[in-house]
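Engineer: This is input_18.tsv (TSV, C-alpha atoms).
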```
chain	number	residue	atom	x	y	z
A	1	MET	CA	0.51	16.89	-56.00
A	2	THR	CA	0.87	20.63	-55.55
A	3	ASP	CA	-0.25	22.67	-52.54
A	4	HIS	CA	-3.02	24.05	-54.71
A	5	ASP	CA	-4.26	20.53	-55.46
A	6	TRP	CA	-4.40	19.26	-51.90
A	7	ARG	CA	-6.05	22.37	-50.55
A	8	HIS	CA	-8.51	22.88	-53.37
A	9	PRO	CA	-10.18	19.81	-54.90
A	10	ARG	CA	-11.73	20.87	-58.17
A	11	ASP	CA	-14.90	18.76	-58.31
A	12	THR	CA	-17.49	21.38	-57.43
A	13	THR	CA	-19.85	19.17	-55.40
A	14	SER	CA	-16.99	17.66	-53.37
A	15	SER	CA	-15.84	21.23	-52.72
A	16	LEU	CA	-19.09	22.13	-50.99
A	17	VAL	CA	-18.81	23.76	-47.55
A	18	MET	CA	-21.82	24.77	-45.44
A	19	ALA	CA	-21.84	26.86	-42.27
A	20	PRO	CA	-24.94	26.85	-40.05
A	21	THR	CA	-26.46	30.28	-39.45
A	22	GLY	CA	-29.65	31.62	-37.92
A	23	LEU	CA	-28.62	29.89	-34.70
A	24	LEU	CA	-31.27	29.42	-32.03
A	25	ARG	CA	-31.37	28.08	-28.49
A	26	GLY	CA	-33.90	27.37	-25.77
A	27	ALA	CA	-37.57	28.05	-26.43
A	28	ALA	CA	-36.89	29.63	-29.83
A	29	ALA	CA	-35.03	26.50	-30.94
A	30	GLU	CA	-37.83	24.24	-29.73
A	31	VAL	CA	-40.46	26.18	-31.65
A	32	ALA	CA	-38.40	26.27	-34.86
A	33	LEU	CA	-37.58	22.56	-34.60
A	34	GLY	CA	-41.21	21.72	-33.97
A	35	THR	CA	-42.37	23.58	-37.06
A	36	GLY	CA	-39.60	22.21	-39.28
A	37	ARG	CA	-37.98	25.61	-39.82
A	38	ALA	CA	-34.74	24.56	-38.14
A	39	ARG	CA	-32.55	21.53	-37.55
A	40	PRO	CA	-30.53	20.60	-34.47
A	41	LEU	CA	-26.84	21.51	-34.65
A	42	ALA	CA	-24.70	18.43	-33.94
A	43	GLY	CA	-27.61	16.96	-32.00
A	44	GLY	CA	-28.41	20.11	-29.98
A	45	PRO	CA	-29.08	22.03	-27.84
A	46	LEU	CA	-28.48	24.67	-30.53
A	47	ALA	CA	-30.52	24.70	-33.73
A	48	PHE	CA	-29.91	26.39	-37.08
A	49	SER	CA	-32.45	27.78	-39.49
A	50	ALA	CA	-30.24	28.79	-42.43
A	51	VAL	CA	-26.83	28.12	-43.95
A	52	THR	CA	-24.07	29.91	-45.78
A	53	VAL	CA	-22.76	27.80	-48.65
A	54	TRP	CA	-19.40	28.00	-50.39
A	55	TRP	CA	-18.63	26.05	-53.55
A	56	ARG	CA	-16.10	26.10	-56.31
A	57	ASP	CA	-17.18	27.27	-59.73
A	58	PRO	CA	-15.04	26.00	-62.62
A	59	ALA	CA	-16.03	29.10	-64.56
A	60	GLY	CA	-14.09	31.16	-62.02
A	61	ALA	CA	-16.91	33.59	-61.31
A	62	LEU	CA	-15.08	34.94	-58.28
A	63	ALA	CA	-11.45	35.89	-58.01
A	64	ASP	CA	-10.97	33.83	-54.84
A	65	GLY	CA	-12.22	30.62	-56.47
A	66	TRP	CA	-15.17	30.14	-54.13
A	67	ARG	CA	-18.74	31.22	-54.73
A	68	GLN	CA	-21.00	32.00	-51.79
A	69	ALA	CA	-24.74	31.99	-51.14
A	70	ALA	CA	-27.01	32.10	-48.10
A	71	ALA	CA	-30.33	30.32	-47.85
A	72	PRO	CA	-32.94	29.45	-45.22
A	73	LEU	CA	-33.40	25.73	-44.80
A	74	ASP	CA	-36.87	25.71	-46.33
A	75	THR	CA	-35.51	26.87	-49.71
A	76	LEU	CA	-32.12	25.17	-49.63
A	77	THR	CA	-33.06	22.01	-51.50
A	78	VAL	CA	-34.78	24.05	-54.22
A	79	TRP	CA	-31.59	26.08	-54.60
A	80	ALA	CA	-29.50	22.90	-54.72
A	81	ARG	CA	-31.62	21.28	-57.44
A	82	ALA	CA	-31.28	24.42	-59.53
A	83	ARG	CA	-27.50	24.04	-59.36
A	84	GLY	CA	-27.61	20.79	-61.32
A	85	GLU	CA	-27.18	17.05	-61.01
A	86	GLY	CA	-25.76	15.77	-57.74
A	87	TRP	CA	-26.17	18.97	-55.80
A	88	ASP	CA	-29.34	18.09	-53.92
A	89	ALA	CA	-27.85	14.80	-52.66
A	90	ARG	CA	-24.65	16.52	-51.59
A	91	VAL	CA	-26.54	19.24	-49.72
A	92	VAL	CA	-28.73	16.69	-47.95
A	93	GLU	CA	-25.66	14.66	-46.90
A	94	THR	CA	-23.97	17.75	-45.48
A	95	LEU	CA	-27.14	18.78	-43.64
A	96	GLU	CA	-27.34	15.32	-42.09
A	97	ARG	CA	-23.76	15.60	-40.84
A	98	LEU	CA	-24.43	19.11	-39.49
A	99	SER	CA	-27.46	17.84	-37.59
A	100	ALA	CA	-26.56	14.36	-36.36
A	101	PRO	CA	-25.97	13.82	-32.63
A	102	ARG	CA	-22.31	13.33	-31.78
A	103	PRO	CA	-21.25	10.16	-29.97
A	104	PRO	CA	-18.89	10.48	-27.01
A	105	PHE	CA	-15.29	11.41	-27.85
A	106	ALA	CA	-12.60	9.66	-25.81
A	107	GLY	CA	-15.27	8.54	-23.37
A	108	LEU	CA	-16.60	12.07	-22.90
A	109	SER	CA	-20.19	12.88	-23.75
A	110	LEU	CA	-20.47	16.00	-25.86
A	111	ASP	CA	-23.71	17.25	-24.36
A	112	ARG	CA	-21.75	20.12	-22.79
A	113	PRO	CA	-18.49	21.89	-23.70
A	114	ARG	CA	-15.36	20.03	-22.60
A	115	VAL	CA	-12.11	21.65	-21.48
A	116	MET	CA	-8.65	20.47	-22.48
A	117	GLY	CA	-5.84	21.85	-20.35
A	118	ILE	CA	-2.58	22.71	-22.13
A	119	LEU	CA	0.51	21.27	-20.45
A	120	ASN	CA	3.63	22.29	-22.35
A	121	CYS	CA	6.73	20.49	-21.04
A	122	THR	CA	9.00	22.78	-23.04
A	123	PRO	CA	11.43	25.61	-22.42
A	124	ASP	CA	10.28	27.63	-25.44
A	125	SER	CA	6.50	27.51	-25.95
A	126	PHE	CA	5.07	30.91	-26.89
A	127	SER	CA	3.03	31.40	-23.71
A	128	ASP	CA	4.27	29.20	-20.91
A	129	GLY	CA	7.70	27.97	-22.01
A	130	GLY	CA	9.72	26.96	-18.97
A	131	ASP	CA	6.75	26.94	-16.57
A	132	HIS	CA	6.59	23.13	-16.56
A	133	ASP	CA	10.10	22.08	-17.57
A	134	THR	CA	10.53	19.40	-14.89
A	135	THR	CA	8.42	16.30	-14.40
A	136	GLU	CA	7.46	17.42	-10.91
A	137	THR	CA	6.24	20.87	-11.90
A	138	ALA	CA	4.42	19.52	-14.95
A	139	VAL	CA	2.61	16.83	-12.96
A	140	ALA	CA	1.65	19.32	-10.26
A	141	ALA	CA	0.28	21.70	-12.90
A	142	GLY	CA	-1.67	18.89	-14.53
A	143	LEU	CA	-3.23	17.80	-11.25
A	144	ALA	CA	-4.21	21.41	-10.56
A	145	MET	CA	-5.92	21.58	-13.96
A	146	MET	CA	-7.81	18.36	-13.19
A	147	ALA	CA	-8.96	19.80	-9.88
A	148	ALA	CA	-10.09	22.96	-11.70
A	149	GLY	CA	-12.28	20.96	-14.07
A	150	ALA	CA	-10.13	19.92	-17.03
A	151	ASP	CA	-11.59	16.93	-18.87
A	152	ILE	CA	-8.41	16.24	-20.86
A	153	LEU	CA	-4.75	17.10	-20.24
A	154	ASP	CA	-2.80	17.77	-23.44
A	155	VAL	CA	0.89	17.03	-22.86
A	156	GLY	CA	3.42	18.34	-25.38
A	157	GLY	CA	7.20	18.27	-25.53
A	158	GLU	CA	7.95	20.23	-28.70
A	159	SER	CA	7.03	23.85	-29.28
A	160	THR	CA	5.21	24.43	-32.56
A	161	ARG	CA	5.00	28.21	-32.16
A	162	PRO	CA	5.73	30.27	-35.29
A	163	GLY	CA	9.45	30.17	-36.06
A	164	SER	CA	10.19	27.24	-33.78
A	165	GLU	CA	12.82	24.64	-34.58
A	166	PRO	CA	12.10	20.92	-34.13
A	167	VAL	CA	13.63	18.94	-31.27
A	168	SER	CA	14.88	15.37	-31.51
A	169	VAL	CA	12.50	12.47	-30.93
A	170	ALA	CA	14.62	11.39	-27.97
A	171	GLU	CA	14.40	14.82	-26.34
A	172	GLU	CA	10.66	15.04	-26.93
A	173	MET	CA	10.20	11.64	-25.31
A	174	ARG	CA	12.39	12.60	-22.37
A	175	ARG	CA	10.19	15.60	-21.70
A	176	VAL	CA	6.76	14.01	-22.00
A	177	LEU	CA	6.80	10.31	-21.15
A	178	PRO	CA	7.31	10.58	-17.37
A	179	VAL	CA	4.59	13.25	-17.22
A	180	VAL	CA	2.16	11.19	-19.28
A	181	ARG	CA	2.67	8.13	-17.09
A	182	ALA	CA	2.38	10.03	-13.80
A	183	LEU	CA	-0.83	11.78	-14.82
A	184	ALA	CA	-2.41	8.68	-16.35
A	185	ASP	CA	-1.61	6.75	-13.16
A	186	ARG	CA	-3.57	9.41	-11.26
A	187	GLY	CA	-6.63	8.95	-13.41
A	188	ALA	CA	-6.15	11.75	-15.94
A	189	ARG	CA	-7.41	11.45	-19.50
A	190	VAL	CA	-4.18	12.35	-21.32
A	191	SER	CA	-3.65	13.38	-24.92
A	192	ILE	CA	-0.18	13.51	-26.44
A	193	ASP	CA	0.49	16.60	-28.52
A	194	SER	CA	3.01	15.34	-31.06
A	195	ARG	CA	3.55	15.02	-34.80
A	196	ARG	CA	6.00	12.08	-34.47
A	197	ALA	CA	4.75	8.51	-34.78
A	198	ALA	CA	7.43	7.18	-32.43
A	199	VAL	CA	6.41	9.65	-29.72
A	200	MET	CA	2.75	8.81	-30.23
A	201	GLU	CA	3.45	5.08	-29.88
A	202	ALA	CA	5.54	5.55	-26.74
A	203	ALA	CA	3.03	7.92	-25.15
A	204	LEU	CA	0.19	5.45	-25.72
A	205	ALA	CA	2.29	2.78	-24.01
A	206	HIS	CA	2.76	5.17	-21.06
A	207	GLY	CA	-0.97	5.78	-20.62
A	208	ALA	CA	-2.02	8.45	-23.13
A	209	SER	CA	-5.40	7.74	-24.70
A	210	ILE	CA	-5.73	10.51	-27.33
A	211	LEU	CA	-3.46	11.64	-30.18
A	212	ASN	CA	-3.34	15.38	-30.94
A	213	ASP	CA	-1.37	16.12	-34.10
A	214	VAL	CA	-0.89	19.63	-35.47
A	215	THR	CA	-0.33	18.11	-38.93
A	216	ALA	CA	-3.49	15.94	-38.92
A	217	LEU	CA	-1.35	12.79	-39.24
A	218	THR	CA	0.50	14.06	-42.33
A	219	GLY	CA	3.81	15.08	-40.72
A	220	ASP	CA	5.08	11.52	-40.21
A	221	SER	CA	4.41	8.78	-42.73
A	222	ASP	CA	3.79	6.27	-39.92
A	223	ALA	CA	1.41	8.42	-37.86
A	224	LEU	CA	-1.84	7.32	-39.49
A	225	ALA	CA	-0.83	3.67	-39.13
A	226	VAL	CA	-0.20	4.18	-35.40
A	227	ALA	CA	-3.63	5.74	-34.93
A	228	ALA	CA	-5.34	3.02	-36.94
A	229	ARG	CA	-3.51	0.19	-35.20
A	230	HIS	CA	-4.41	1.42	-31.72
A	231	ARG	CA	-7.92	2.64	-32.66
A	232	VAL	CA	-7.51	5.67	-30.40
A	233	PRO	CA	-9.24	9.05	-30.61
A	234	VAL	CA	-7.37	11.53	-32.80
A	235	ILE	CA	-7.48	15.33	-33.03
A	236	LEU	CA	-6.76	16.46	-36.59
A	237	MET	CA	-5.51	20.03	-36.82
A	238	HIS	CA	-5.11	22.12	-39.96
A	239	ILE	CA	-1.75	23.72	-40.63
A	240	GLN	CA	-0.45	25.44	-43.75
A	241	GLY	CA	3.28	24.84	-44.07
A	242	GLU	CA	5.36	23.88	-41.05
A	243	PRO	CA	5.97	25.72	-37.76
A	244	ARG	CA	9.32	27.25	-38.66
A	245	THR	CA	7.99	29.11	-41.70
A	246	MET	CA	4.17	28.89	-41.53
A	247	GLN	CA	3.63	32.58	-40.77
A	248	ALA	CA	5.91	33.85	-43.54
A	249	ASP	CA	3.15	34.38	-46.12
A	250	PRO	CA	0.03	32.26	-45.50
A	251	ARG	CA	-2.52	32.40	-48.32
A	252	TYR	CA	-6.00	31.02	-48.89
A	253	ASP	CA	-8.72	31.52	-51.45
A	254	ARG	CA	-11.19	31.62	-48.55
A	255	ALA	CA	-9.83	30.45	-45.21
A	256	VAL	CA	-12.96	28.80	-43.78
A	257	ALA	CA	-13.73	26.97	-47.02
A	258	ASP	CA	-10.14	25.88	-47.72
A	259	VAL	CA	-9.55	24.68	-44.15
A	260	THR	CA	-12.85	22.80	-43.97
A	261	ALA	CA	-12.23	21.10	-47.32
A	262	TRP	CA	-8.70	20.08	-46.29
A	263	LEU	CA	-9.84	18.70	-42.95
A	264	GLY	CA	-12.61	16.85	-44.76
A	265	ALA	CA	-9.96	15.09	-46.83
A	266	ARG	CA	-8.08	14.15	-43.65
A	267	VAL	CA	-11.26	12.79	-42.06
A	268	ALA	CA	-11.81	10.71	-45.20
A	269	ALA	CA	-8.23	9.38	-45.04
A	270	CYS	CA	-8.69	8.37	-41.42
A	271	ARG	CA	-12.02	6.70	-42.17
A	272	ALA	CA	-10.39	4.78	-45.02
A	273	ALA	CA	-7.69	3.61	-42.59
A	274	GLY	CA	-10.34	2.18	-40.29
A	275	LEU	CA	-10.89	4.95	-37.75
A	276	ALA	CA	-14.53	5.45	-36.79
A	277	PRO	CA	-16.14	8.92	-36.83
A	278	GLU	CA	-16.43	8.89	-33.03
A	279	HIS	CA	-12.63	8.61	-32.87
A	280	LEU	CA	-12.13	11.83	-34.85
A	281	CYS	CA	-12.09	15.50	-33.84
A	282	VAL	CA	-11.13	18.44	-36.04
A	283	ASP	CA	-9.33	21.67	-35.12
A	284	PRO	CA	-9.06	24.63	-37.54
A	285	GLY	CA	-5.54	25.43	-36.34
A	286	ILE	CA	-5.91	29.07	-35.30
A	287	GLY	CA	-2.56	30.79	-35.82
A	288	PHE	CA	-0.96	27.90	-37.70
A	289	GLY	CA	-0.27	29.40	-41.09
A	290	LYS	CA	-2.97	32.08	-40.80
A	291	THR	CA	-3.09	35.86	-40.73
A	292	VAL	CA	-5.33	37.73	-38.30
A	293	ASP	CA	-8.00	38.00	-41.00
A	294	HIS	CA	-7.79	34.26	-41.71
A	295	ASN	CA	-8.28	33.59	-37.99
A	296	ARG	CA	-11.28	35.94	-37.90
A	297	ASP	CA	-12.85	34.13	-40.83
A	298	LEU	CA	-12.39	30.76	-39.13
A	299	LEU	CA	-13.69	31.93	-35.76
A	300	GLY	CA	-16.69	33.60	-37.34
A	301	HIS	CA	-17.68	30.48	-39.29
A	302	ILE	CA	-16.23	27.65	-37.20
A	303	GLY	CA	-19.63	25.97	-37.31
A	304	ALA	CA	-18.80	24.88	-40.87
A	305	LEU	CA	-16.60	22.17	-39.37
A	306	HIS	CA	-19.70	20.42	-37.99
A	307	GLY	CA	-20.40	19.47	-41.59
A	308	LEU	CA	-17.54	16.96	-41.34
A	309	GLY	CA	-19.62	14.90	-38.93
A	310	CYS	CA	-17.26	14.73	-35.97
A	311	ALA	CA	-16.35	16.65	-32.83
A	312	VAL	CA	-14.85	20.15	-33.17
A	313	LEU	CA	-12.07	21.60	-31.02
A	314	LEU	CA	-10.88	25.20	-30.78
A	315	GLY	CA	-7.42	26.17	-29.59
A	316	ALA	CA	-7.32	29.98	-29.50
A	317	SER	CA	-5.99	30.48	-25.98
A	318	ARG	CA	-3.52	33.36	-25.55
A	319	LYS	CA	-2.72	33.52	-29.27
A	320	SER	CA	-1.34	36.66	-30.87
A	321	PHE	CA	-4.45	37.48	-32.91
A	322	ILE	CA	-6.10	38.43	-29.60
A	323	ALA	CA	-3.62	41.26	-29.06
A	324	HIS	CA	-4.07	42.40	-32.67
A	325	LEU	CA	-7.85	42.50	-32.39
A	326	ALA	CA	-7.69	44.18	-28.98
A	327	GLY	CA	-5.42	46.86	-30.41
A	328	ALA	CA	-2.94	46.47	-27.59
A	329	ASP	CA	0.57	45.12	-27.11
A	330	LEU	CA	-0.50	42.34	-24.76
A	331	PRO	CA	1.92	39.61	-23.66
A	332	PRO	CA	0.46	36.08	-23.86
A	333	LYS	CA	-0.55	35.82	-20.19
A	334	ALA	CA	-2.45	39.12	-20.44
A	335	ARG	CA	-4.79	37.74	-23.14
A	336	LEU	CA	-7.21	35.92	-20.83
A	337	ALA	CA	-10.22	38.13	-21.58
A	338	GLY	CA	-9.77	37.72	-25.32
A	339	SER	CA	-9.23	33.98	-24.91
A	340	LEU	CA	-12.52	33.65	-23.04
A	341	ALA	CA	-14.34	35.75	-25.65
A	342	ALA	CA	-13.07	33.47	-28.43
A	343	ALA	CA	-14.00	30.37	-26.43
A	344	LEU	CA	-17.54	31.50	-25.67
A	345	GLY	CA	-18.04	32.62	-29.26
A	346	ALA	CA	-17.06	29.14	-30.43
A	347	VAL	CA	-19.39	27.46	-27.93
A	348	ASP	CA	-22.19	29.64	-29.31
A	349	GLN	CA	-21.52	27.88	-32.64
A	350	GLY	CA	-21.63	24.42	-31.10
A	351	VAL	CA	-17.90	23.77	-30.61
A	352	GLN	CA	-17.55	20.89	-28.16
A	353	ILE	CA	-13.93	21.05	-26.91
A	354	LEU	CA	-11.84	24.05	-25.85
A	355	ARG	CA	-8.05	23.74	-25.60
A	356	VAL	CA	-6.94	26.34	-23.04
A	357	HIS	CA	-4.15	27.45	-20.72
A	358	ASP	CA	-6.47	28.95	-18.09
A	359	VAL	CA	-8.64	26.03	-17.05
A	360	ALA	CA	-10.30	27.43	-13.92
A	361	GLU	CA	-11.29	30.68	-15.60
A	362	THR	CA	-12.64	28.88	-18.68
A	363	VAL	CA	-14.69	26.45	-16.57
A	364	GLN	CA	-16.14	29.37	-14.60
A	365	ALA	CA	-17.05	31.26	-17.78
A	366	LEU	CA	-18.71	28.17	-19.27
A	367	ARG	CA	-20.77	27.54	-16.14
A	368	VAL	CA	-22.06	31.10	-16.06
A	369	ALA	CA	-22.79	31.14	-19.80
A	370	THR	CA	-24.61	27.81	-19.59
A	371	ALA	CA	-26.64	28.87	-16.56
A	372	THR	CA	-27.85	32.05	-18.23
A	373	ALA	CA	-28.56	30.34	-21.55
A	374	THR	CA	-30.73	27.73	-19.83
A	375	ALA	CA	-32.62	30.10	-17.52
A	376	PRO	CA	-36.40	29.50	-17.41
A	377	GLY	CA	-38.02	30.93	-20.51
A	378	ALA	CA	-34.70	31.49	-22.29
```
Reformat the file's structure so that it appears as structure tokens.

Structural biologist:
Amino acid sequence: MTDHDWRHPRDTTSSLVMAPTGLLRGAAAEVALGTGRARPLAGGPLAFSAVTVWWRDPAGALADGWRQAAAPLDTLTVWARARGEGWDARVVETLERLSAPRPPFAGLSLDRPRVMGILNCTPDSFSDGGDHDTTETAVAAGLAMMAAGADILDVGGESTRPGSEPVSVAEEMRRVLPVVRALADRGARVSIDSRRAAVMEAALAHGASILNDVTALTGDSDALAVAARHRVPVILMHIQGEPRTMQADPRYDRAVADVTAWLGARVAACRAAGLAPEHLCVDPGIGFGKTVDHNRDLLGHIGALHGLGCAVLLGASRKSFIAHLAGADLPPKARLAGSLAAALGAVDQGVQILRVHDVAETVQALRVATATATAPGA
């Protein structure tokens, strides 16, 4: 199977991607929901009154391979029926997934945004390499994140920054396992950030309760079996290529549509292996085989991922696109303002989990944003 095949299934109805638009909150959402002009987004509190649709046209009407249309909800089914057999059912199914309430993920209700603190136990991560390179410093940093409001601690022992080289399984385990055990023993909800099945298995035995894989369980032939055997929550991230070369020349027909379709195939593979929808979370993989424009497309339409019917995570913290968009040569730790802007923009599209370096600042921003959004009469 070629790269083109796995990224771009050619059946046009299976290649349907829908992003919620016309987003509403508060009193406006209640009125629109009550009159049937809107639907809840992932169970609420946001609602959406329209969608942008992308689909593949075998006639090749557009150079990028995807066609696009926008429609309010009250005319969407009419539009779908006009497209031909099977379209109305496919549109209704996607709308149901966009709207359905989300069950808890890893024991966390998704009625408010959740914060995942990044704990890199590496000497060479792009932002904080070397900050937590001993068990003691890593555990102390993790406990500080918990105290600041982190709901999950994401422990990683291999840098996957652009251009990075892999480390051995033994070295990755040496870095992460003592940290995972110490934090789990202190009551932390720990995810293991790894693409190796052996590391996943060992981390689960040491107290991790979530798998976070930058390859969406494709980088190791045993990874999906580990997840299915343990029935643990899994975060499936999109990546094009592999870390060492992924930024050499990333290409998409349309980033948001390609990424959503690929993640949809990974969700289907996990479901077929026995993992329930409540055990799955998807991550668009900002910066993992993407240009700045690809990242902008994903951030601007990240709500499309709700159509996969599971939780959505964003990891944009301190990434280089922030400096590009800000028009400044900002080192990673100077990108806090841009990181918060990306995070709040994602929450405004219903994203439920934010993976961040700066936990205290993110929690503060979320509390203020939530308080103002839920003010009387809002």

Engineer: Measuring atom to atom with only C-alpha atoms, identify which of A:Thr75, A:Thr134, A:Gln352, A:Ser317 is nearest to Gly43 in chain A.

Structural biologist: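 Selected residue with least distance to Gly43 in chain A: A:Gln352.
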
Engineer: Could you list, as a list in words, every residue within 7 Å of range 143-152 of chain A, counting all atoms listed in the file and ignoring same-chain residues fewer than 5 positions away?

Structural biologist: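 Returned residues: Arg114, Val115, Met116, Gly117, Arg189, Val190, Ser191, Val359, Ala360 and Val363 of chain A.
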
Engineer: Could you tell me how far CA of Ala27 in chain A lies from CA of Gly377 in chain A, in Å and to one decimal?

Structural biologist: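 If I compute the distance from CA of Ala27 in chain A to CA of Gly377 in chain A, I get 6.6 Å.
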
Engineer: Would you mind reading off the distance between CA of Asp185 in chain A and CA of Phe105 in chain A, one decimal, in Å?

Structural biologist: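 Here the two named atoms are 20.6 Å from each other.
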
Engineer: Need the shell around Leu366 in chain A: protein/DNA/RNA residues with any atom at most 9 Å away, counting all atoms listed in the file. Skip same-chain ones fewer than 2 positions apart. Format as a PyMOL selection string?

Structural biologist: chain A and resi 113+343-344+347+361-364+368-371

Engineer: Would you mind reading off the distance between CA of Leu308 in chain A and CA of Thr260 in chain A, one decimal, in Å?

Structural biologist: 7.9 Å

Engineer: With a distance cut-off of 10 Å and all atoms listed in the file, select the neighbouring residues of Val199 in chain A, excluding the residue or stretch itself and same-chain residues fewer than 3 positions from it, and output the selection as number ranges by chain.

Structural biologist: A: 157, 169-170, 172-174, 176-177, 192-196, 202-205, 223

Engineer: Which residue is closest to Ile353 in chain A? Choose from A:Gly287, A:Ala311, A:Arg37, A:Arg56 and count only C-alpha atoms.

Structural biologist: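 When distances to Ile353 in chain A are compared using only C-alpha atoms, the smallest one comes from A:Ala311.
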
Engineer: Show me, as a ChimeraX atom specification, the residues that have an atom within 8 Å of range 326-340 of chain A when counting only C-alpha atoms, minus same-chain residues fewer than 4 positions from it.

Structural biologist: /A:126-127,316-320,322,344,358,362,365

Engineer: Name the closest residue to Val356 in chain A among the candidates A:Ala184, A:Val78, A:Ala140, A:Leu313; distances are taken between atoms, counting only C-alpha atoms.

Structural biologist: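 Result for the nearest residue to Val356 in chain A: A:Leu313.
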
Engineer: Point out the residue among A:Leu183, A:Ala70, A:Thr122, A:Leu354 with the least atom-to-atom distance to Glu171 in chain A, counting only C-alpha atoms.

Structural biologist: A:Thr122

Engineer: Padding of 3 Å on every side, edges along x, y and z, all listed atoms of range 99-118 of chain A included: what centre and edge lengths in Å, to one decimal, does that box have, as JSON?

Structural biologist:
```
{"center_x": -15.0, "center_y": 15.6, "center_z": -29.0, "size_x": 30.9, "size_y": 20.2, "size_z": 23.2}
```

Engineer: Please produce, as JSON lines, a per-residue contact table for range 241-316 of chain A versus range 91-95 of chain A (criterion: any atom at most 12 Å away, all atoms listed in the file considered), showing the nearest atom pair and its distance in Å to one decimal, sorted by chain then residue number.

Structural biologist:
```
{"residue": "A:Gly264", "atom": "CA", "partner": "A:Thr94", "partner_atom": "CA", "distance": 11.4}
{"residue": "A:Ala304", "atom": "CA", "partner": "A:Thr94", "partner_atom": "CA", "distance": 9.9}
{"residue": "A:Leu305", "atom": "CA", "partner": "A:Thr94", "partner_atom": "CA", "distance": 10.5}
{"residue": "A:His306", "atom": "CA", "partner": "A:Thr94", "partner_atom": "CA", "distance": 9.0}
{"residue": "A:Gly307", "atom": "CA", "partner": "A:Thr94", "partner_atom": "CA", "distance": 5.6}
{"residue": "A:Leu308", "atom": "CA", "partner": "A:Thr94", "partner_atom": "CA", "distance": 7.7}
{"residue": "A:Gly309", "atom": "CA", "partner": "A:Thr94", "partner_atom": "CA", "distance": 8.4}
```

Engineer: Store the residues picked out above, limited to C-alpha atoms, as a PDB file, keeping the file's coordinate frame.

Structural biologist:
```pdb
ATOM      1  CA  GLY A 264     -12.610  16.850 -44.760  1.00  0.00           C
ATOM      2  CA  ALA A 304     -18.800  24.880 -40.870  1.00  0.00           C
ATOM      3  CA  LEU A 305     -16.600  22.170 -39.370  1.00  0.00           C
ATOM      4  CA  HIS A 306     -19.700  20.420 -37.990  1.00  0.00           C
ATOM      5  CA  GLY A 307     -20.400  19.470 -41.590  1.00  0.00           C
ATOM      6  CA  LEU A 308     -17.540  16.960 -41.340  1.00  0.00           C
ATOM      7  CA  GLY A 309     -19.620  14.900 -38.930  1.00  0.00           C
TER       8      GLY A 309
END
```

Engineer: Which is closest to Leu325 in chain A among A:Asp133, A:Leu119, A:Ala341, A:Ile239, if we use all atoms listed in the file?

Structural biologist: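 That would be A:Ala341, the residue with the smallest distance to Leu325 in chain A.
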
Engineer: Between A:Ala346, A:Leu41, A:Ala273, A:Leu98, which one has atoms that come closest to His301 in chain A, using all atoms listed in the file?

Structural biologist: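 Among A:Ala346, A:Leu41, A:Ala273, A:Leu98, it is A:Ala346 that comes nearest to His301 in chain A.
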
Engineer: Write out as a list in words which residues come within 10 Å of Val267 in chain A when counting all atoms listed in the file, dropping same-chain ones fewer than 3 positions away.

Structural biologist: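 Returned residues: Ala216, Leu236, Ala261, Trp262, Leu263, Gly264, Cys270, Arg271, Ala272, Ala273, Leu275, Ala276, Pro277, Leu280, Cys281, Val282, Leu308, Gly309 and Cys310 of chain A.
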